[in-house]
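Undergrad: I'm passing along upload_24.cif; it holds mmCIF, C-alpha atoms and all ligand atoms.
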data_my_file
#
loop_
_atom_site.label_atom_id
_atom_site.label_comp_id
_atom_site.auth_asym_id
_atom_site.auth_seq_id
_atom_site.Cartn_x
_atom_site.Cartn_y
_atom_site.Cartn_z
CA MET A 226 -55.64 73.67 -30.68
CA GLU A 227 -55.81 75.90 -27.64
CA GLU A 228 -52.59 74.42 -26.41
CA THR A 229 -50.89 75.17 -29.73
CA LEU A 230 -52.08 78.76 -29.65
CA LEU A 231 -50.90 79.12 -26.12
CA ARG A 232 -47.53 77.67 -26.99
CA LEU A 233 -47.23 80.03 -29.97
CA ALA A 234 -48.06 82.98 -27.74
CA VAL A 235 -45.55 81.91 -25.15
CA ARG A 236 -42.91 81.44 -27.81
CA ARG A 237 -43.62 84.92 -29.23
CA LEU A 238 -43.39 86.38 -25.79
CA SER A 239 -40.17 84.62 -24.98
CA LEU A 240 -38.76 85.83 -28.28
CA TYR A 241 -39.41 89.37 -27.19
CA LEU A 242 -38.33 88.94 -23.62
CA ALA A 243 -35.37 86.64 -23.87
CA ASN A 244 -31.91 87.81 -24.59
CA PRO A 245 -31.32 85.82 -27.77
CA MET A 246 -27.86 84.72 -26.61
CA SER A 247 -29.03 83.59 -23.21
CA ASP A 248 -31.96 81.49 -24.37
CA PHE A 249 -30.32 79.14 -26.78
CA PRO A 250 -33.00 76.40 -26.57
CA THR A 251 -35.68 78.84 -27.77
CA ARG A 252 -33.45 80.31 -30.44
CA PHE A 253 -32.55 76.80 -31.61
CA ARG A 254 -36.22 75.78 -31.83
CA ASP A 255 -37.01 78.87 -33.89
CA ALA A 256 -34.02 78.33 -36.16
CA VAL A 257 -35.13 74.75 -36.82
CA GLY A 258 -38.66 75.97 -37.54
CA SER A 259 -37.35 78.40 -40.12
CA GLY A 260 -35.22 75.75 -41.84
CA ALA A 261 -31.78 76.97 -40.73
CA VAL A 262 -28.86 74.63 -41.44
CA LEU A 263 -26.39 76.26 -39.07
CA VAL A 264 -27.03 77.72 -35.63
CA GLN A 265 -24.45 79.66 -33.67
CA ALA A 266 -24.26 78.61 -30.02
CA PRO A 267 -23.65 81.31 -27.43
CA GLY A 268 -20.15 81.84 -26.16
CA THR A 269 -18.33 80.85 -29.32
CA SER A 270 -18.51 84.19 -31.13
CA ASP A 271 -15.80 85.75 -28.98
CA SER A 272 -13.55 82.74 -29.25
CA ARG A 273 -10.43 84.88 -29.64
CA LEU A 274 -10.76 86.07 -26.06
CA ALA A 275 -11.64 82.57 -24.84
CA PHE A 276 -8.57 81.28 -26.66
CA ALA A 277 -6.37 84.01 -25.14
CA ARG A 278 -7.62 83.26 -21.63
CA SER A 279 -7.10 79.56 -22.02
CA VAL A 280 -3.56 80.00 -23.39
CA ALA A 281 -2.72 82.39 -20.54
CA ALA A 282 -4.07 79.95 -17.94
CA GLY A 283 -2.04 77.05 -19.30
CA LEU A 284 1.17 79.00 -19.76
CA SER A 285 1.05 80.46 -16.25
CA ASP A 286 0.75 76.97 -14.79
CA GLU A 287 3.69 74.73 -13.93
CA PRO A 288 4.13 72.34 -15.70
CA LYS A 289 2.75 74.24 -18.67
CA TRP A 290 -0.18 72.96 -20.71
CA LEU A 291 -2.46 74.16 -23.49
CA HIS A 292 -6.07 73.03 -23.89
CA CYS A 293 -6.52 70.61 -26.79
CA ARG A 294 -9.88 72.11 -27.79
CA PHE A 295 -8.00 74.89 -29.60
CA LEU A 296 -6.16 72.44 -31.84
CA TYR A 297 -9.20 72.51 -34.11
CA ASP A 298 -9.29 75.79 -36.02
CA ALA A 299 -9.87 75.50 -39.79
CA GLU A 300 -6.23 74.50 -40.39
CA GLY A 301 -6.18 72.12 -37.40
CA SER A 302 -9.40 70.41 -38.51
CA ARG A 303 -7.92 70.00 -41.99
CA LEU A 304 -4.68 68.57 -40.55
CA PHE A 305 -6.63 66.18 -38.31
CA GLU A 306 -8.43 64.83 -41.38
CA GLY A 307 -4.94 64.29 -42.83
CA ILE A 308 -3.94 62.34 -39.70
CA THR A 309 -6.89 60.00 -40.14
CA ASP A 310 -5.54 59.03 -43.59
CA GLN A 311 -2.08 58.05 -42.26
CA PRO A 312 -1.29 54.31 -42.32
CA GLU A 313 -0.16 54.38 -38.65
CA TYR A 314 -3.30 56.09 -37.39
CA TYR A 315 -5.59 53.07 -37.03
CA PRO A 316 -8.45 54.53 -34.85
CA THR A 317 -10.49 56.24 -37.56
CA ARG A 318 -10.51 53.43 -40.08
CA THR A 319 -11.02 50.78 -37.41
CA GLU A 320 -13.98 52.65 -35.95
CA ALA A 321 -15.38 53.33 -39.43
CA ALA A 322 -15.24 49.59 -40.20
CA VAL A 323 -17.04 48.74 -36.95
CA LEU A 324 -19.70 51.36 -37.74
CA ALA A 325 -20.11 50.21 -41.33
CA GLU A 326 -20.56 46.62 -40.19
CA HIS A 327 -23.07 47.35 -37.44
CA ALA A 328 -24.90 50.49 -38.57
CA ALA A 329 -28.04 48.61 -39.67
CA GLU A 330 -28.16 46.77 -36.36
CA ILE A 331 -27.73 50.01 -34.43
CA ARG A 332 -30.62 51.51 -36.39
CA GLU A 333 -32.76 48.47 -35.56
CA LEU A 334 -31.96 48.77 -31.88
CA THR A 335 -32.69 52.51 -31.60
CA GLY A 336 -35.55 52.84 -34.08
CA PRO A 337 -36.01 56.15 -35.95
CA VAL A 338 -34.29 58.78 -33.79
CA THR A 339 -32.61 62.14 -34.24
CA LEU A 340 -28.85 61.77 -34.49
CA VAL A 341 -26.96 64.35 -32.42
CA GLU A 342 -23.21 64.21 -32.90
CA LEU A 343 -20.79 65.91 -30.51
CA GLY A 344 -17.50 66.97 -32.13
CA SER A 345 -18.61 65.92 -35.58
CA GLY A 346 -15.74 67.44 -37.60
CA TYR A 347 -16.34 66.57 -41.26
CA SER A 348 -18.83 63.83 -40.28
CA VAL A 349 -17.08 61.28 -42.51
CA LYS A 350 -17.60 58.19 -40.31
CA THR A 351 -21.14 59.27 -39.46
CA GLU A 352 -22.15 58.79 -43.08
CA HIS A 353 -22.24 55.02 -42.39
CA LEU A 354 -24.88 55.66 -39.75
CA LEU A 355 -26.74 58.21 -41.86
CA SER A 356 -26.96 55.73 -44.68
CA ALA A 357 -28.36 53.00 -42.40
CA TYR A 358 -30.88 55.42 -40.87
CA SER A 359 -32.00 56.74 -44.25
CA ASN A 360 -32.17 53.24 -45.79
CA ALA A 361 -34.54 52.27 -43.01
CA GLY A 362 -36.97 54.88 -44.36
CA SER A 363 -38.46 57.96 -42.67
CA ASN A 364 -36.69 61.31 -42.75
CA VAL A 365 -33.53 61.51 -40.72
CA ARG A 366 -32.67 64.51 -38.61
CA TYR A 367 -28.93 65.03 -38.07
CA VAL A 368 -27.67 67.61 -35.58
CA PRO A 369 -23.85 67.83 -35.64
CA VAL A 370 -22.11 70.00 -33.04
CA ASP A 371 -18.60 71.30 -33.68
CA VAL A 372 -16.38 74.25 -32.78
CA SER A 373 -15.19 74.45 -36.37
CA ASP A 374 -17.57 76.38 -38.58
CA SER A 375 -15.65 75.39 -41.73
CA ALA A 376 -15.86 71.66 -40.89
CA LEU A 377 -19.65 71.98 -40.36
CA ARG A 378 -20.11 73.73 -43.68
CA ALA A 379 -18.09 71.06 -45.49
CA ALA A 380 -20.10 68.33 -43.71
CA ASN A 381 -23.35 69.99 -44.79
CA ARG A 382 -22.20 70.13 -48.42
CA SER A 383 -21.20 66.48 -48.45
CA ILE A 384 -24.31 65.24 -46.65
CA SER A 385 -26.76 67.20 -48.77
CA GLU A 386 -25.08 65.76 -51.86
CA ASN A 387 -25.14 62.18 -50.61
CA PHE A 388 -28.43 62.06 -48.70
CA GLU A 389 -31.56 63.74 -49.94
CA ASP A 390 -33.69 62.81 -46.97
CA VAL A 391 -31.34 63.94 -44.20
CA GLN A 392 -32.26 67.18 -42.49
CA PHE A 393 -29.00 68.83 -41.39
CA ILE A 394 -29.02 71.31 -38.49
CA GLY A 395 -25.46 72.13 -37.44
CA ILE A 396 -24.61 73.75 -34.14
CA ASN A 397 -21.43 75.78 -34.13
CA GLY A 398 -20.26 75.51 -30.55
CA THR A 399 -18.65 73.39 -27.86
CA TYR A 400 -20.17 70.07 -26.70
CA GLY A 401 -21.64 71.82 -23.69
CA SER A 402 -23.69 74.15 -25.86
CA ALA A 403 -25.72 71.19 -27.10
CA PHE A 404 -26.73 69.87 -23.67
CA PRO A 405 -29.55 72.37 -23.00
CA ILE A 406 -31.31 71.43 -26.25
CA LEU A 407 -31.17 67.64 -25.93
CA ARG A 408 -34.57 67.48 -24.26
CA GLN A 409 -36.25 69.00 -27.34
CA LEU A 410 -34.48 66.53 -29.67
CA SER A 411 -35.77 63.37 -27.98
CA PRO A 412 -36.09 60.58 -29.06
CA GLN A 413 -32.47 60.72 -30.08
CA MET A 414 -29.09 59.06 -30.15
CA VAL A 415 -26.22 61.24 -28.98
CA ILE A 416 -23.08 60.21 -30.85
CA PHE A 417 -19.56 60.75 -29.58
CA LEU A 418 -17.04 59.05 -31.83
CA GLY A 419 -13.32 58.86 -32.50
CA SER A 420 -12.38 58.30 -28.87
CA THR A 421 -12.54 62.04 -28.42
CA ILE A 422 -13.54 61.22 -24.84
CA GLY A 423 -9.90 60.12 -24.43
CA ASN A 424 -8.88 63.78 -24.62
CA PHE A 425 -10.52 64.46 -21.26
CA ASN A 426 -8.68 64.21 -17.97
CA PRO A 427 -10.43 62.17 -15.24
CA ALA A 428 -12.27 65.19 -13.78
CA GLU A 429 -13.45 66.37 -17.21
CA MET A 430 -14.56 62.83 -18.04
CA THR A 431 -16.67 62.54 -14.90
CA THR A 432 -18.25 65.94 -15.60
CA PHE A 433 -18.97 64.86 -19.15
CA TRP A 434 -20.68 61.55 -18.21
CA ARG A 435 -22.74 63.42 -15.64
CA SER A 436 -23.80 66.14 -18.11
CA VAL A 437 -24.86 63.63 -20.76
CA ALA A 438 -26.73 61.61 -18.13
CA ASP A 439 -28.42 64.75 -16.73
CA HIS A 440 -29.59 66.06 -20.09
CA LEU A 441 -30.54 62.85 -21.85
CA PRO A 442 -34.14 61.75 -21.24
CA ALA A 443 -34.56 58.16 -20.01
CA GLY A 444 -34.67 55.69 -22.89
CA ASP A 445 -32.62 57.86 -25.27
CA HIS A 446 -29.44 56.40 -26.70
CA PHE A 447 -25.77 57.30 -26.53
CA LEU A 448 -23.27 55.88 -29.03
CA LEU A 449 -19.70 56.09 -27.82
CA GLY A 450 -16.49 55.23 -29.71
CA VAL A 451 -13.41 54.44 -27.60
CA ASP A 452 -9.86 53.42 -28.41
CA LEU A 453 -8.66 50.44 -26.36
CA VAL A 454 -5.35 49.74 -24.57
CA LYS A 455 -3.02 47.83 -26.86
CA ASP A 456 0.65 47.25 -27.73
CA VAL A 457 2.73 50.34 -26.97
CA ASP A 458 4.46 50.30 -30.38
CA VAL A 459 1.14 50.41 -32.21
CA LEU A 460 -0.03 53.23 -29.95
CA GLU A 461 3.08 55.37 -30.25
CA ALA A 462 3.34 54.87 -34.01
CA ALA A 463 -0.24 56.19 -34.39
CA TYR A 464 0.84 59.52 -32.89
CA ASN A 465 4.20 59.71 -34.66
CA ASP A 466 3.27 59.14 -38.30
CA ALA A 467 6.24 58.98 -40.68
CA ALA A 468 4.79 61.69 -42.93
CA GLY A 469 4.80 64.13 -40.01
CA VAL A 470 1.16 65.17 -40.22
CA THR A 471 0.68 64.77 -36.45
CA ALA A 472 3.79 66.91 -35.89
CA SER A 473 2.27 69.61 -38.12
CA PHE A 474 -0.98 69.30 -36.15
CA THR A 475 0.94 69.98 -32.92
CA LYS A 476 2.87 72.89 -34.47
CA ASN A 477 -0.35 74.40 -35.81
CA TYR A 478 -1.30 75.15 -32.21
CA PHE A 479 1.51 77.70 -32.11
CA ALA A 480 0.83 78.89 -35.64
CA ARG A 481 -2.72 79.58 -34.44
CA ILE A 482 -1.38 81.49 -31.42
CA ASN A 483 0.68 83.56 -33.88
CA ARG A 484 -2.30 84.13 -36.20
CA GLU A 485 -4.92 84.94 -33.59
CA LEU A 486 -3.10 86.22 -30.53
CA GLY A 487 -0.46 88.38 -32.21
CA SER A 488 2.47 86.24 -31.13
CA ASP A 489 5.65 85.47 -33.05
CA VAL A 490 6.64 81.95 -32.01
CA ASP A 491 9.36 80.29 -34.11
CA ILE A 492 7.49 77.15 -35.15
CA GLU A 493 10.62 75.41 -36.39
CA GLY A 494 12.08 75.57 -32.87
CA ILE A 495 9.32 73.26 -31.63
CA GLU A 496 9.42 69.47 -31.68
CA HIS A 497 6.37 67.20 -31.54
CA ILE A 498 6.73 64.44 -28.91
CA ALA A 499 4.11 61.72 -28.36
CA VAL A 500 4.73 59.07 -25.69
CA TRP A 501 2.72 56.36 -23.93
CA ASN A 502 2.28 56.91 -20.19
CA PRO A 503 1.81 53.38 -18.82
CA GLU A 504 0.62 54.47 -15.35
CA LEU A 505 -2.17 56.69 -16.63
CA GLU A 506 -2.70 54.56 -19.77
CA ARG A 507 -2.66 57.47 -22.13
CA ILE A 508 -0.68 58.96 -24.99
CA GLU A 509 0.71 62.36 -24.03
CA ILE A 510 1.56 64.89 -26.70
CA TYR A 511 4.07 67.60 -25.92
CA ALA A 512 5.48 70.60 -27.76
CA HIS A 513 9.15 70.52 -26.85
CA PHE A 514 10.98 73.84 -27.13
CA HIS A 515 14.57 73.63 -28.39
CA SER A 516 15.26 77.26 -27.59
CA ALA A 517 13.87 79.81 -25.16
CA GLN A 518 10.95 81.73 -26.63
CA GLU A 519 8.40 84.33 -25.69
CA ILE A 520 4.70 83.83 -26.31
CA HIS A 521 2.83 87.09 -26.44
CA VAL A 522 -0.93 87.07 -25.80
CA GLU A 523 -2.02 90.37 -27.28
CA PRO A 524 -5.72 90.44 -26.22
CA LEU A 525 -4.59 90.22 -22.57
CA ASP A 526 -1.37 92.16 -23.09
CA ARG A 527 0.68 89.44 -21.41
CA THR A 528 3.91 87.70 -22.36
CA PHE A 529 4.97 84.23 -21.25
CA ARG A 530 8.51 82.85 -21.31
CA VAL A 531 9.20 79.27 -22.31
CA ALA A 532 12.69 78.05 -21.42
CA ALA A 533 14.91 75.98 -23.71
CA GLY A 534 14.16 72.31 -22.99
CA ASP A 535 10.63 73.02 -21.72
CA SER A 536 7.79 70.76 -22.81
CA ILE A 537 4.20 71.96 -22.98
CA LEU A 538 1.50 69.28 -22.69
CA ILE A 539 -1.01 69.98 -25.46
CA GLU A 540 -3.05 66.80 -25.63
CA ILE A 541 -3.75 63.55 -23.83
CA SER A 542 -5.36 60.54 -25.47
CA HIS A 543 -6.52 58.08 -22.87
CA LYS A 544 -7.03 54.44 -23.93
CA PHE A 545 -9.77 52.36 -22.34
CA ARG A 546 -10.32 48.88 -20.88
CA LEU A 547 -13.79 47.58 -21.59
CA PRO A 548 -15.14 46.02 -18.40
CA LYS A 549 -13.93 48.99 -16.34
CA LEU A 550 -15.47 51.55 -18.70
CA GLU A 551 -18.78 49.70 -18.82
CA ASN A 552 -18.97 49.69 -15.03
CA GLU A 553 -18.19 53.38 -14.87
CA LEU A 554 -20.92 54.15 -17.41
CA ARG A 555 -23.45 52.11 -15.44
CA THR A 556 -22.76 54.10 -12.31
CA PHE A 557 -23.54 57.27 -14.28
CA GLY A 558 -26.93 55.95 -15.32
CA PHE A 559 -26.31 54.25 -18.66
CA ASP A 560 -27.33 50.73 -19.59
CA VAL A 561 -24.92 49.01 -21.96
CA SER A 562 -27.10 47.71 -24.82
CA ARG A 563 -24.33 46.41 -27.10
CA VAL A 564 -20.54 46.60 -27.47
CA PHE A 565 -19.16 46.32 -31.01
CA THR A 566 -15.44 45.77 -31.69
CA ASP A 567 -13.07 44.82 -34.52
CA ASP A 568 -11.23 41.47 -34.87
CA LYS A 569 -8.12 42.71 -33.08
CA ASN A 570 -10.09 44.35 -30.27
CA TRP A 571 -8.41 47.65 -30.97
CA PHE A 572 -11.46 49.88 -30.92
CA ALA A 573 -14.94 49.64 -29.41
CA VAL A 574 -18.27 51.28 -30.18
CA LEU A 575 -20.71 51.10 -27.26
CA LEU A 576 -24.44 51.51 -27.68
CA LEU A 577 -25.77 52.82 -24.38
CA GLN A 578 -29.22 53.73 -23.24
CA ARG A 579 -30.06 56.28 -20.57
CA ALA A 580 -31.50 54.29 -17.69
CA ASP A 581 -34.64 55.25 -15.90
CA ASP A 582 -33.46 56.75 -12.59
CA ALA A 583 -36.73 55.75 -10.93
CA MET A 584 -35.81 52.13 -11.58
CA LEU A 585 -32.28 52.76 -10.36
CA ARG A 586 -33.54 54.25 -7.15
CA VAL A 587 -35.54 51.13 -6.42
CA THR A 588 -32.74 48.67 -7.17
CA HIS A 589 -29.79 50.70 -5.80
CA PRO A 590 -31.18 53.07 -3.18
CA LEU A 591 -27.75 54.38 -2.21
CA SER A 592 -26.37 55.06 -5.68
CA ILE A 593 -28.31 58.30 -6.22
CA GLN A 594 -27.19 61.50 -4.45
C1 LIG A 601 -9.53 63.29 -32.07
C2 LIG A 601 -8.87 63.14 -29.82
C3 LIG A 601 -9.48 61.21 -30.98
O1 LIG A 601 -6.57 61.37 -29.54
O2 LIG A 601 -6.43 60.12 -31.29
C4 LIG A 601 -4.77 62.36 -33.12
C5 LIG A 601 -6.59 63.47 -31.67
N1 LIG A 601 -4.18 63.99 -31.87
N2 LIG A 601 -3.47 62.57 -33.29
C6 LIG A 601 -6.73 61.17 -30.73
C7 LIG A 601 -5.22 63.26 -32.20
C8 LIG A 601 -3.11 63.56 -32.53
C9 LIG A 601 -7.41 62.24 -31.59
N3 LIG A 601 -8.80 62.48 -31.11
#
Just give me the structure of the file as structure tokens.
Ligand code: AVJ
TA:
Amino acid sequence: MEETLLRLAVRRLSLYLANPMSDFPTRFRDAVGSGAVLVQAPGTSDSRLAFARSVAAGLSDEPKWLHCRFLYDAEGSRLFEGITDQPEYYPTRTEAAVLAEHAAEIRELTGPVTLVELGSGYSVKTEHLLSAYSNAGSNVRYVPVDVSDSALRAANRSISENFEDVQFIGINGTYGSAFPILRQLSPQMVIFLGSTIGNFNPAEMTTFWRSVADHLPAGDHFLLGVDLVKDVDVLEAAYNDAAGVTASFTKNYFARINRELGSDVDIEGIEHIAVWNPELERIEIYAHFHSAQEIHVEPLDRTFRVAAGDSILIEISHKFRLPKLENELRTFGFDVSRVFTDDKNWFAVLLLQRADDAMLRVTHPLSIQ
């Protein structure tokens, strides 16, 4: 009783003292208490400037690149959903089948936990998990995190229609914005599907494993979906669908630059190129410019020249090999509880559990610090 009063007083005080944007964990807790379904994470409200800075950084570099995070505005998120329906794009339906088949088992292994999904999009595949968790009884708390506000709203509509007992608390922000609140959501399972991890370069991947490991309390779960190395023709076809939806997805990057950064790029002068890089074991997606163009970044008042024949790297999609990935995850403090795959071994869903570092320290004294 006294403790509750004290906590209430402290919370009041921190409400008054804290800059609401700088104390996201407190603001999130209060939003949940008041039944909010969507919480804005700090740093995303001025995304136009963040977008401008990122575009400027990539276009001043040589070779040029653009960060794939900005592929997902409302139009990009809609186009990506279109990609997942293409016959050549096997990852989504393969992963969905693996999830559908093993969702009940995953629920049994984790018990009743809060589901926190990073990069949830429209949450379509997650509905398999939500249905297993709600069938197992007890109210389910679902916390999806996505940079697209429109995708979150659509997900909320669909989930509240299909699942009465699922409490939806969306976070509109980047993956990183969710890390500081993971401690208050324990016991939980952090979900990262669709092989989105494949978008990260090696340095970003290492940072990501470390952040999840740092913020996830020991014993909490992490469900990770990864696309596996396979025949090059299957891989390249998945990123060059005959209907051209992936090409439109690539071109939308420049349409977004036009819409938000006051540029006037000729979209038709851009070609979508997706190729397998066998050394780095990843698909690389380029925007190839047929003619020289200028890209104006109005918020920074800067203009970048792209020469005819230039290719801008806009996305990488790394494919994984299982034993190697499992070893890497172990070194970052995750135990591999189960690995689920499809018949062809095209896609894997790994159920991981945050190890207890105290145990690690005893068994591998040199692996920490
Ligand atoms: C959402 C990152 C998993 O890499 O397969 C699909 C993105 N880009 N087609 C992928 C994507 C073009 C996708 N991920």
Undergrad: Please produce, as CSV, a per-residue contact table for chain A versus ligand LIG 601 (chain A) (criterion: any atom at most 10 Å away, all atoms listed in the file considered), showing the nearest atom pair and its distance in Å to one decimal, sorted by chain then residue number.
TA:
residue,atom,partner,partner_atom,distance
A:Cys293,CA,A:LIG601,C2,8.4
A:Arg294,CA,A:LIG601,C2,9.3
A:Leu296,CA,A:LIG601,N1,8.7
A:Tyr297,CA,A:LIG601,C1,9.4
A:Ser302,CA,A:LIG601,C1,9.6
A:Leu304,CA,A:LIG601,N2,9.5
A:Phe305,CA,A:LIG601,C4,6.7
A:Glu306,CA,A:LIG601,C4,9.4
A:Gly307,CA,A:LIG601,N2,9.8
A:Ile308,CA,A:LIG601,N2,6.4
A:Thr309,CA,A:LIG601,C4,7.7
A:Tyr314,CA,A:LIG601,N2,7.7
A:Tyr315,CA,A:LIG601,O2,9.1
A:Pro316,CA,A:LIG601,O2,6.9
A:Thr317,CA,A:LIG601,C3,8.3
A:Gly344,CA,A:LIG601,C1,8.8
A:Gly346,CA,A:LIG601,C1,9.3
A:Leu418,CA,A:LIG601,C3,7.9
A:Gly419,CA,A:LIG601,C3,4.8
A:Ser420,CA,A:LIG601,C3,4.6
A:Thr421,CA,A:LIG601,C3,4.1
A:Ile422,CA,A:LIG601,C2,7.1
A:Gly423,CA,A:LIG601,O1,6.2
A:Asn424,CA,A:LIG601,C2,5.2
A:Phe425,CA,A:LIG601,C2,8.8
A:Gly450,CA,A:LIG601,C3,9.3
A:Val451,CA,A:LIG601,C3,8.5
A:Asp452,CA,A:LIG601,O2,8.1
A:Leu460,CA,A:LIG601,O2,9.5
A:Ala463,CA,A:LIG601,N2,7.2
A:Tyr464,CA,A:LIG601,N2,5.3
A:Asn465,CA,A:LIG601,N2,8.3
A:Asp466,CA,A:LIG601,N2,9.1
A:Val470,CA,A:LIG601,N2,8.7
A:Thr471,CA,A:LIG601,C8,5.6
A:Ala472,CA,A:LIG601,C8,8.4
A:Ser473,CA,A:LIG601,C8,9.8
A:Phe474,CA,A:LIG601,C8,7.1
A:Thr475,CA,A:LIG601,C8,7.6
A:Ala499,CA,A:LIG601,C8,8.5
A:Arg507,CA,A:LIG601,O1,9.2
A:Ile508,CA,A:LIG601,O1,7.8
A:Glu509,CA,A:LIG601,O1,9.2
A:Ile510,CA,A:LIG601,C8,7.6
A:Ile539,CA,A:LIG601,N1,9.3
A:Glu540,CA,A:LIG601,N1,6.9
A:Ile541,CA,A:LIG601,O1,6.7
A:Ser542,CA,A:LIG601,O1,4.3
A:His543,CA,A:LIG601,O1,7.4
A:Lys544,CA,A:LIG601,O1,8.9
Undergrad: What's the 10 Å shell around Phe253 of chain A, counting all atoms listed in the file, without same-chain residues fewer than 2 positions away, as an mmCIF file with C-alpha atoms, in the coordinates of the input?
TA:
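Resulting contents of around-v7.cif:
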data_model
loop_
_atom_site.group_PDB
_atom_site.id
_atom_site.type_symbol
_atom_site.label_atom_id
_atom_site.label_comp_id
_atom_site.auth_asym_id
_atom_site.auth_seq_id
_atom_site.Cartn_x
_atom_site.Cartn_y
_atom_site.Cartn_z
ATOM 1 C CA PRO A 245 -31.320 85.820 -27.770
ATOM 2 C CA ASP A 248 -31.960 81.490 -24.370
ATOM 3 C CA PHE A 249 -30.320 79.140 -26.780
ATOM 4 C CA PRO A 250 -33.000 76.400 -26.570
ATOM 5 C CA THR A 251 -35.680 78.840 -27.770
ATOM 6 C CA ASP A 255 -37.010 78.870 -33.890
ATOM 7 C CA ALA A 256 -34.020 78.330 -36.160
ATOM 8 C CA VAL A 257 -35.130 74.750 -36.820
ATOM 9 C CA GLY A 258 -38.660 75.970 -37.540
ATOM 10 C CA SER A 259 -37.350 78.400 -40.120
ATOM 11 C CA ALA A 261 -31.780 76.970 -40.730
ATOM 12 C CA LEU A 263 -26.390 76.260 -39.070
ATOM 13 C CA VAL A 264 -27.030 77.720 -35.630
ATOM 14 C CA GLN A 265 -24.450 79.660 -33.670
ATOM 15 C CA ALA A 266 -24.260 78.610 -30.020
ATOM 16 C CA ILE A 394 -29.020 71.310 -38.490
ATOM 17 C CA ILE A 396 -24.610 73.750 -34.140
ATOM 18 C CA ALA A 403 -25.720 71.190 -27.100
ATOM 19 C CA ILE A 406 -31.310 71.430 -26.250
ATOM 20 C CA GLN A 409 -36.250 69.000 -27.340
#
Undergrad: Using all atoms listed in the file, pick whichever of A:Asp310, A:Ala480, A:Ser345, A:Pro524 has the shortest atom-to-atom distance to Ser272 of chain A.
TA: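 So, comparing all the options, the nearest one is A:Pro524.
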Undergrad: Which is closer to Lys476 of chain A than all the others in A:Tyr358, A:Phe388, A:Phe393, A:Phe514, using all atoms listed in the file?
TA: A:Phe514
Undergrad: I need the residue nearest Ala357 of chain A from this list: A:Glu493, A:Asp371, A:Glu330, A:Glu386. Use all atoms listed in the file for the distance.
TA: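 Checking each of A:Glu493, A:Asp371, A:Glu330, A:Glu386 against Ala357 of chain A, counting all atoms listed in the file, the winner is A:Glu330.
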Undergrad: Name the closest residue to His446 of chain A among the candidates A:Pro427, A:Pro503, A:Pro405, A:Pro337; distances are taken between atoms, counting all atoms listed in the file.
TA: A:Pro337
Undergrad: What is the distance between atom CA of Phe557 of chain A and atom CA of Ala321 of chain A, in Å to one decimal?
TA: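 About the pair atom CA of Phe557 of chain A and atom CA of Ala321 of chain A: they are 26.7 Å apart.
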